[in-house]
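Visitor: Here's a structure for you.
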There are 2 protein chains.
Amino acid sequence: MSEDKSQEDNRNVVYIGSQKPAMSYVLATLSCLNNSPKVYLKARGAAISHAVDVAQITINRFAQGVKVAGITLDTEELQSQEGGMRNVSTILIELEGSKKGKGED
Amino acid sequence: MSEDKSQEDNRNVVYIGSQKPAMSYVLATLSCLNNSPKVYLKARGAAISHAVDVAQITINRFAQGVKVAGITLDTEELQSQEGGMRNVSTILIELEGSKKGKGED
């Protein structure tokens, strides 16, 4: 929906589901942050709470210089198994790393 | 934690849990928006997804002039039943109503 969003490509987007433990998404996020100053966490439905956990664990425990630069809420239409359409909320959390190298100041 | 947050009092805060259906929180939110231009939706843990649903349903279906003015993520420490402490993520969604009366333009 938001065409102007600067998600250059999918390499810096971490799609968060509910199956895997938060820590595996935290690892994926940290690995993305090593390659890109901006990382987007994307989740929908019940996984939204999980995405918030991943953001908070990443920032508070592993990457203190990283900040939440923006959060976007949206709604997607999904085809339900019964054939109708249903609405699902989505979240996009933008994490921004510090430009400084690790261990400075 | 954030003392400077301008949540003047609790009258414009809707605490969102996971038990009740989203629609009852939507009603509470609409009723708050009638009395106050700003309403805060607050949730923690698994109810975070529910809070996002409530915000999206409120905006898309019932109060088109209302916007998400800000979203804050945080972590709270809770006493677990086994005696230890555990961290729980929280979300605070700030909804801002339009100043215009209903039915105008």
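Going by the structure tokens order, chains are called A, B, ..., each with residues numbered from 1, while ligands are numbered from 1 in the order shown.
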Excluding stretch 13-19 of chain B and residues on its chain fewer than 4 positions from it, collect all residues at most 10 Å away from it, counting only C-alpha atoms, and give them as a CSV table (one decimal) with N, CA and C atoms, in the first residue's frame.
Guide:
```csv
chain,number,residue,atom,x,y,z
B,7,GLN,N,0.4,11.6,29.3
B,7,GLN,CA,-0.9,10.9,29.6
B,7,GLN,C,-1.4,11.6,30.8
B,8,GLU,N,-2.2,12.7,30.6
B,8,GLU,CA,-2.6,13.5,31.7
B,8,GLU,C,-3.2,12.7,32.8
B,9,ASP,N,-4.1,11.8,32.5
B,9,ASP,CA,-4.7,10.9,33.5
B,9,ASP,C,-5.1,9.7,32.8
B,24,SER,N,-15.3,-4.8,21.7
B,24,SER,CA,-15.6,-4.1,22.9
B,24,SER,C,-14.5,-3.1,23.3
B,25,TYR,N,-13.3,-3.3,22.9
B,25,TYR,CA,-12.3,-2.3,23.1
B,25,TYR,C,-12.4,-1.2,22.1
B,26,VAL,N,-12.9,-1.5,20.9
B,26,VAL,CA,-13.2,-0.5,19.9
B,26,VAL,C,-14.2,0.5,20.4
B,28,ALA,N,-15.0,1.1,23.5
B,28,ALA,CA,-14.4,1.9,24.6
B,28,ALA,C,-13.5,3.0,24.0
B,29,THR,N,-12.8,2.7,23.0
B,29,THR,CA,-11.9,3.7,22.3
B,29,THR,C,-12.7,4.8,21.7
B,32,CYS,N,-14.0,7.1,24.4
B,32,CYS,CA,-12.9,8.0,24.9
B,32,CYS,C,-12.7,9.1,23.9
B,38,LYS,N,-7.2,13.0,22.3
B,38,LYS,CA,-6.1,12.0,22.3
B,38,LYS,C,-6.5,10.8,23.1
B,39,VAL,N,-6.3,9.6,22.6
B,39,VAL,CA,-6.6,8.4,23.3
B,39,VAL,C,-5.4,7.5,23.2
B,40,TYR,N,-5.0,6.9,24.3
B,40,TYR,CA,-3.9,5.9,24.3
B,40,TYR,C,-4.4,4.5,24.5
B,41,LEU,N,-3.9,3.6,23.6
B,41,LEU,CA,-4.2,2.2,23.7
B,41,LEU,C,-3.0,1.5,24.3
B,42,LYS,N,-3.2,0.8,25.4
B,42,LYS,CA,-2.0,0.2,26.1
B,42,LYS,C,-2.2,-1.3,26.2
B,43,ALA,N,-1.2,-2.0,25.9
B,43,ALA,CA,-1.3,-3.5,26.0
B,43,ALA,C,0.1,-4.1,26.2
B,44,ARG,N,0.1,-5.3,26.7
B,44,ARG,CA,1.4,-5.9,26.9
B,44,ARG,C,1.3,-7.4,26.6
B,45,GLY,N,2.5,-8.0,26.3
B,45,GLY,CA,2.5,-9.4,25.9
B,45,GLY,C,1.7,-9.7,24.7
B,46,ALA,N,1.0,-10.9,24.8
B,46,ALA,CA,0.2,-11.3,23.6
B,46,ALA,C,-0.9,-10.4,23.2
B,47,ALA,N,-1.3,-9.5,24.1
B,47,ALA,CA,-2.4,-8.6,23.8
B,47,ALA,C,-2.0,-7.5,22.9
B,48,ILE,N,-0.7,-7.4,22.6
B,48,ILE,CA,-0.2,-6.3,21.7
B,48,ILE,C,-0.8,-6.4,20.3
B,49,SER,N,-0.9,-7.7,19.8
B,49,SER,CA,-1.5,-7.9,18.5
B,49,SER,C,-3.0,-7.4,18.5
B,50,HIS,N,-3.6,-7.7,19.6
B,50,HIS,CA,-5.0,-7.3,19.8
B,50,HIS,C,-5.1,-5.7,19.8
B,51,ALA,N,-4.2,-5.0,20.4
B,51,ALA,CA,-4.2,-3.6,20.4
B,51,ALA,C,-4.1,-3.0,19.0
B,52,VAL,N,-3.2,-3.6,18.2
B,52,VAL,CA,-3.1,-3.2,16.8
B,52,VAL,C,-4.4,-3.4,16.1
B,54,VAL,N,-7.4,-3.4,17.3
B,54,VAL,CA,-8.3,-2.4,17.8
B,54,VAL,C,-8.1,-1.0,17.2
B,92,LEU,N,2.3,1.2,23.4
B,92,LEU,CA,1.4,2.4,23.7
B,92,LEU,C,1.1,3.0,22.4
B,93,ILE,N,-0.1,2.9,21.9
B,93,ILE,CA,-0.5,3.5,20.6
B,93,ILE,C,-1.3,4.8,20.9
B,94,GLU,N,-0.8,5.9,20.4
B,94,GLU,CA,-1.5,7.2,20.6
B,94,GLU,C,-2.4,7.5,19.4
```
Visitor: Mind checking which residues fall within 9 Å of B:Pro37, counting only C-alpha atoms, ignoring those fewer than 2 positions away in the same chain, and posting them as a short mmCIF file (atom, residue, chain, number, x, y, z; two decimals) with C-alpha atoms, in the first residue's frame?
Guide:
```cif
data_model
loop_
_atom_site.label_atom_id
_atom_site.label_comp_id
_atom_site.auth_asym_id
_atom_site.auth_seq_id
_atom_site.Cartn_x
_atom_site.Cartn_y
_atom_site.Cartn_z
CA ASN B 12 -8.08 8.61 28.03
CA CYS B 32 -12.94 7.96 24.86
CA LEU B 33 -12.41 9.77 21.53
CA ASN B 34 -15.73 11.51 22.08
CA ASN B 35 -14.41 13.08 25.28
CA VAL B 39 -6.60 8.38 23.35
CA LEU B 95 -4.64 7.92 18.57
CA GLU B 96 -5.44 11.48 17.67
CA GLY B 97 -8.89 12.55 16.58
CA SER B 98 -9.60 15.30 14.10
CA LYS B 99 -10.69 18.60 15.61
#
```
Visitor: Expressed in Å to a single decimal, how great is the separation between atom CA of A:Leu73 and atom CA of A:Ser89?
Guide: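 Value for the atom CA of A:Leu73-atom CA of A:Ser89 distance: 7.2 Å.
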Visitor: Rank nothing, just name the residue among A:Ala69, A:Phe62, A:Asp53, A:Glu77 nearest to chain B, using only C-alpha atoms.
Guide: A:Asp53
Visitor: Which residue gives the smallest distance to A:Asp74 among A:Ser31, A:Asn60, A:Asn10, A:Thr90, with only C-alpha atoms counted?
Guide: A:Thr90
Visitor: Which residue is closest to chain A? Choose from B:Met85, B:Met23, B:Leu30, B:Ile71 and count only C-alpha atoms.
Guide: B:Ile71
Visitor: So which bits of chain A end up alpha helix (DSSP H) when you DSSP the backbone, as a list in words?
Guide: Ala22, Met23, Ser24, Tyr25, Val26, Leu27, Ala28, Thr29, Leu30, Ser31, Cys32, Leu33, Asn34, Asn35, Ala47, Ile48, Ser49, His50, Ala51, Val52, Asp53, Val54, Ala55, Gln56 and Ile57 of chain A
Visitor: Create the file for the chosen residues now, containing C-alpha atoms and written as a short mmCIF file (atom, residue, chain, number, x, y, z; two decimals), in the first residue's frame.
Guide:
```
data_model
loop_
_atom_site.label_atom_id
_atom_site.label_comp_id
_atom_site.auth_asym_id
_atom_site.auth_seq_id
_atom_site.Cartn_x
_atom_site.Cartn_y
_atom_site.Cartn_z
CA ALA A 22 12.12 -15.03 19.46
CA MET A 23 15.86 -15.61 19.72
CA SER A 24 16.16 -16.98 16.19
CA TYR A 25 14.57 -13.81 14.83
CA VAL A 26 16.86 -11.74 17.06
CA LEU A 27 19.85 -13.50 15.49
CA ALA A 28 18.49 -12.83 11.98
CA THR A 29 17.96 -9.18 12.91
CA LEU A 30 21.49 -8.79 14.30
CA SER A 31 22.93 -10.37 11.19
CA CYS A 32 20.95 -7.95 9.01
CA LEU A 33 22.09 -5.00 11.13
CA ASN A 34 25.67 -5.99 10.39
CA ASN A 35 25.08 -5.50 6.68
CA ALA A 47 2.97 -12.60 15.38
CA ILE A 48 2.84 -8.82 15.96
CA SER A 49 3.49 -9.31 19.70
CA HIS A 50 6.40 -11.53 18.77
CA ALA A 51 7.86 -8.82 16.53
CA VAL A 52 7.72 -6.33 19.41
CA ASP A 53 9.53 -8.86 21.65
CA VAL A 54 12.21 -9.32 18.98
CA ALA A 55 12.71 -5.55 18.66
CA GLN A 56 12.93 -5.08 22.43
CA ILE A 57 15.31 -8.01 23.01
#
```
Visitor: What is the distance between atom CA of B:Gly70 and atom CA of B:Ile91, in Å to one decimal?
Guide: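 Those two atoms sit 10.5 Å apart.
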